[in-house]
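Comments concern the structure below.
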Amino acid sequence: MGLLDRFGDSGSATFMRLFSALFYGFSSFLIIVVNKIVLTTYKFPSYQCLALGQMVTGIVVLFFARQLSIVDFPGFSTDIFRKIWPLPLFFLGNLVLGLGGTQKLNLPMFIILRRFTILFTMIAEYYVLGVKASRTIQMTVFLMIFGALVAASNDLAFDLVGYVFIILNDLCTSANGVYTKKKLEAKDLGKYGLLFYNSLFMIVPISILAFSMGEIDKAMKFEDWLTIGFLTQFLLSCFMGFILNYSIVLCTQHNSALTTNIVGVLKNLFVTYIGMFLGGDYNFTWINFTGINISVFGSLIYSYVTFRKIDKSKEIIVEKPEVQQKAPATV
C-alpha cells in the first residue's frame, strides 16, 4: 500500500476524490507543458523514443518500489495478459498518439481537439459500463464539439497527420479510462499492477516500431543530449509520464472515467491560453479564436453541471443492475 493510499484511508472518501482529482489535474498540466518544450522548443525528433523513456521509467520505478515493499501488486504469471487485455493496447495508443499530436499541433488546437475525448467517453461508458449521461451533459458536450469544429475550420497551422493522431488519441484515452475503471473493479491486479504490466507488455512492440522506423537512430543523433536544459526537461518528462499514469488510475479509482475527463477539461482551460504563447506555433485568426472560446465556454458549463450533481441527484444514471452494485459513486 503506497503513501497516498495510507493518507487517503485516514480521511474521508470525499477528500480522496478531491485529492486524486487535483493530483491528476496538476500532473496532466505539467506534463503537457514539459512535452511541448521537449518536442517543439528543443525540437527533439522522436516522440516514440520519448514515449519509450516514459514507459521504461514507470517499469523501473514500480519494480524497485515493489522490491522495497513500498507498493504491492501480483507477480508475473501466465494469466496476467488475459486479465489486463485490452488495456495495454489503449495505454500504448494513448501515450504514443498523444505525444505525436503534441509534436505536430499547437497547444490551443491540441487541447480543443481533445474535447472529443469526452464524447467518446460518454459513448464508451454507456456500452461498456452501462451508464448514460443526462441530456444536459450531452448538450454541453455538443457545444464543446461545435466550438472545436469552428476553430478547426480556420486553423492556419492545419496538419492532417496531427489531427488524425489527436482523434485516435481521444479514442484511446476514452477506452483507456473506461477499461481502467472496469479492471480496477475486478480487483485482479490493482492500480500498481495495471501501471506496471501496461508498460511491460507494450515496451517490446514500441521498441520494435521505433527501431524499424529509424526513430532510435534519430534520437541518438540529436545534438542537445549534453545540454543541461534539454536533459532536465527530457528526464522530467520521463518521470512525469509515470506520475501522470499513476494519477489517472488513482483519479479513476476514486471517481469515474468521466470525472477524470472533467478534471482534464478544467486543466485544459489554462493550457489553451498559455499554449498561445508557448512553443511559438499558434497562428491567430478571429474565427479560430472564437471557436476556441465557444469550446471553452461549453467546458465551463459542462464542469459546473457535472460537479453540481456530485452531492445531489446523479447526472449519470446506471442502467445495468450488476454494474450499479459494484461501481463507486459517479458524477
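Naming works like this for the C-alpha cells: A, B, ... for the chains as they're shown, residue 1 at the start of each chain, ligands 1 onward in shown order.
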For this session: Find the spatial neighbours of A:Leu143, counting only C-alpha atoms, within a cut-off of 7 Å - ignore same-chain residues fewer than 3 positions away - and output them as a PyMOL selection string.
Result: chain A and resi 139-140+146-147+295+298
Exercise. Neighbours of A:Thr57 within 9 Å (only C-alpha atoms; same-chain residues fewer than 6 positions away dropped), as a PyMOL selection string?
Worked result: chain A and resi 238-239+241-242
Mind running stretch 137-194 of chain A against stretch 76-89 of chain A at 12 Å and telling me each contacting residue's nearest atom pair with the distance in Å (one decimal), counting only C-alpha atoms, chain and number ascending, as JSON lines?
```
{"residue": "A:Asn169", "atom": "CA", "partner": "A:Leu89", "partner_atom": "CA", "distance": 11.8}
{"residue": "A:Leu171", "atom": "CA", "partner": "A:Leu89", "partner_atom": "CA", "distance": 11.7}
{"residue": "A:Cys172", "atom": "CA", "partner": "A:Leu89", "partner_atom": "CA", "distance": 8.4}
{"residue": "A:Thr173", "atom": "CA", "partner": "A:Leu87", "partner_atom": "CA", "distance": 10.6}
{"residue": "A:Ser174", "atom": "CA", "partner": "A:Leu87", "partner_atom": "CA", "distance": 11.3}
{"residue": "A:Ala175", "atom": "CA", "partner": "A:Leu87", "partner_atom": "CA", "distance": 8.1}
{"residue": "A:Asn176", "atom": "CA", "partner": "A:Leu87", "partner_atom": "CA", "distance": 6.2}
{"residue": "A:Gly177", "atom": "CA", "partner": "A:Leu87", "partner_atom": "CA", "distance": 9.2}
{"residue": "A:Val178", "atom": "CA", "partner": "A:Leu87", "partner_atom": "CA", "distance": 9.5}
{"residue": "A:Tyr179", "atom": "CA", "partner": "A:Leu87", "partner_atom": "CA", "distance": 6.4}
{"residue": "A:Thr180", "atom": "CA", "partner": "A:Leu87", "partner_atom": "CA", "distance": 7.0}
{"residue": "A:Lys181", "atom": "CA", "partner": "A:Leu87", "partner_atom": "CA", "distance": 10.5}
{"residue": "A:Lys182", "atom": "CA", "partner": "A:Leu87", "partner_atom": "CA", "distance": 10.0}
{"residue": "A:Lys183", "atom": "CA", "partner": "A:Ile84", "partner_atom": "CA", "distance": 7.2}
{"residue": "A:Leu184", "atom": "CA", "partner": "A:Ile84", "partner_atom": "CA", "distance": 10.1}
{"residue": "A:Ala186", "atom": "CA", "partner": "A:Lys83", "partner_atom": "CA", "distance": 9.2}
{"residue": "A:Lys187", "atom": "CA", "partner": "A:Lys83", "partner_atom": "CA", "distance": 10.1}
{"residue": "A:Asp188", "atom": "CA", "partner": "A:Lys83", "partner_atom": "CA", "distance": 7.2}
{"residue": "A:Leu189", "atom": "CA", "partner": "A:Ile84", "partner_atom": "CA", "distance": 8.0}
{"residue": "A:Gly190", "atom": "CA", "partner": "A:Ile84", "partner_atom": "CA", "distance": 10.5}
{"residue": "A:Lys191", "atom": "CA", "partner": "A:Ile84", "partner_atom": "CA", "distance": 11.3}
{"residue": "A:Gly193", "atom": "CA", "partner": "A:Ile84", "partner_atom": "CA", "distance": 9.1}
{"residue": "A:Leu194", "atom": "CA", "partner": "A:Ile84", "partner_atom": "CA", "distance": 7.1}
```
For this session: Check the smallest atom-to-atom distance from each of A:Leu231, A:Ile31, A:Met122, A:Met16 to A:Gln253 using only C-alpha atoms, then report the winner.
Result: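 Checking each of A:Leu231, A:Ile31, A:Met122, A:Met16 against A:Gln253, counting only C-alpha atoms, the winner is A:Met16.
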Exercise. Neighbours of A:Phe196 within 8 Å (only C-alpha atoms; same-chain residues fewer than 4 positions away dropped), as a list of chain:residue names?
Worked result: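 That gives A:Gly58, A:Ile59, A:Leu62, A:Phe63, A:Tyr192, A:Leu200.
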Using the selection just defined, write its residues with N, CA and C atoms as a CSV table (one decimal), in the first residue's frame.
```csv
chain,number,residue,atom,x,y,z
A,58,GLY,N,8.6,4.2,-15.8
A,58,GLY,CA,7.5,3.6,-15.0
A,58,GLY,C,7.8,2.2,-14.5
A,59,ILE,N,8.4,1.4,-15.4
A,59,ILE,CA,8.7,0.0,-15.1
A,59,ILE,C,9.8,-0.1,-14.0
A,62,LEU,N,8.4,1.2,-10.5
A,62,LEU,CA,7.5,0.3,-9.9
A,62,LEU,C,8.2,-1.0,-9.5
A,63,PHE,N,9.1,-1.5,-10.3
A,63,PHE,CA,9.9,-2.7,-9.9
A,63,PHE,C,10.6,-2.5,-8.6
A,192,TYR,N,-1.4,-0.5,-9.2
A,192,TYR,CA,0.0,-0.6,-9.4
A,192,TYR,C,0.3,-1.7,-10.5
A,200,LEU,N,5.0,-3.0,-19.3
A,200,LEU,CA,5.8,-4.1,-19.5
A,200,LEU,C,5.4,-4.8,-20.8
```
For this session: Pick out each residue of stretch 111-246 of chain A that DSSP on the backbone tags as helix (DSSP H, G or I); I need them as JSON, numbers by chain.
Result: {"A": [111, 112, 113, 116, 117, 118, 119, 120, 121, 122, 123, 124, 125, 126, 127, 128, 129, 135, 136, 137, 138, 139, 140, 141, 142, 143, 144, 145, 146, 147, 148, 149, 150, 151, 152, 153, 160, 161, 162, 163, 164, 165, 166, 167, 168, 169, 170, 171, 172, 173, 174, 175, 176, 177, 178, 179, 180, 181, 182, 183, 184, 185, 186, 190, 191, 192, 193, 194, 195, 196, 197, 198, 199, 200, 201, 202, 203, 204, 205, 206, 207, 208, 209, 210, 211, 212, 215, 216, 217, 218, 219, 220, 228, 229, 230, 231, 232, 233, 234, 235, 236, 237, 238, 239, 240, 241, 242, 243, 244, 245, 246]}
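From atom CA of A:Thr41 back to atom CA of A:Ala148, the distance works out to 25.2 Å.
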For this session: Find the residues around A:Lys36 up to 12 Å (only C-alpha atoms counted), leave out those fewer than 3 positions away in its own chain, and share them as number ranges by chain.
Result: A: 29-33, 39-44, 47, 50, 98-108, 110, 230, 233-234, 237, 271, 274-275, 277-281
Using C-alpha atoms, can you write the selected residues to a file as a tab-separated table (two decimals), in the first residue's frame?
```
chain	number	residue	atom	x	y	z
A	29	PHE	CA	-0.93	20.23	-16.83
A	30	LEU	CA	2.78	19.89	-16.07
A	31	ILE	CA	3.50	17.04	-18.48
A	32	ILE	CA	1.78	18.78	-21.42
A	33	VAL	CA	3.97	21.85	-20.91
A	39	LEU	CA	9.27	18.25	-28.74
A	40	THR	CA	8.75	21.79	-30.05
A	41	THR	CA	11.09	24.21	-28.28
A	42	TYR	CA	14.11	21.85	-28.33
A	43	LYS	CA	12.81	20.07	-31.46
A	44	PHE	CA	13.52	16.55	-30.17
A	47	TYR	CA	8.04	11.29	-29.85
A	50	LEU	CA	10.12	9.94	-25.56
A	98	GLY	CA	-0.75	11.96	-27.58
A	99	LEU	CA	2.96	12.73	-27.88
A	100	GLY	CA	2.72	12.65	-31.67
A	101	GLY	CA	-0.13	15.16	-31.59
A	102	THR	CA	1.77	17.38	-29.15
A	103	GLN	CA	4.69	17.49	-31.58
A	104	LYS	CA	2.62	18.30	-34.67
A	105	LEU	CA	-0.06	20.71	-33.38
A	106	ASN	CA	-0.02	23.99	-31.49
A	107	LEU	CA	-1.28	23.63	-27.92
A	108	PRO	CA	-4.61	25.51	-28.31
A	110	PHE	CA	-4.31	20.17	-29.43
A	230	PHE	CA	17.15	19.75	-22.58
A	233	GLN	CA	13.27	18.58	-19.43
A	234	PHE	CA	13.63	15.12	-21.01
A	237	SER	CA	9.07	14.26	-18.99
A	271	VAL	CA	-3.26	25.20	-21.12
A	274	ILE	CA	-0.95	29.56	-22.13
A	275	GLY	CA	-0.34	27.48	-25.27
A	277	PHE	CA	2.37	31.86	-26.24
A	278	LEU	CA	4.25	28.60	-25.59
A	279	GLY	CA	6.10	26.95	-28.46
A	280	GLY	CA	5.60	29.81	-30.92
A	281	ASP	CA	3.48	27.74	-33.34
```
Exercise. Closest to A:Val141 among A:Arg17, A:Tyr24, A:Phe64, A:Val265, using only C-alpha atoms?
Worked result: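 The closest residue to A:Val141 is A:Val265.
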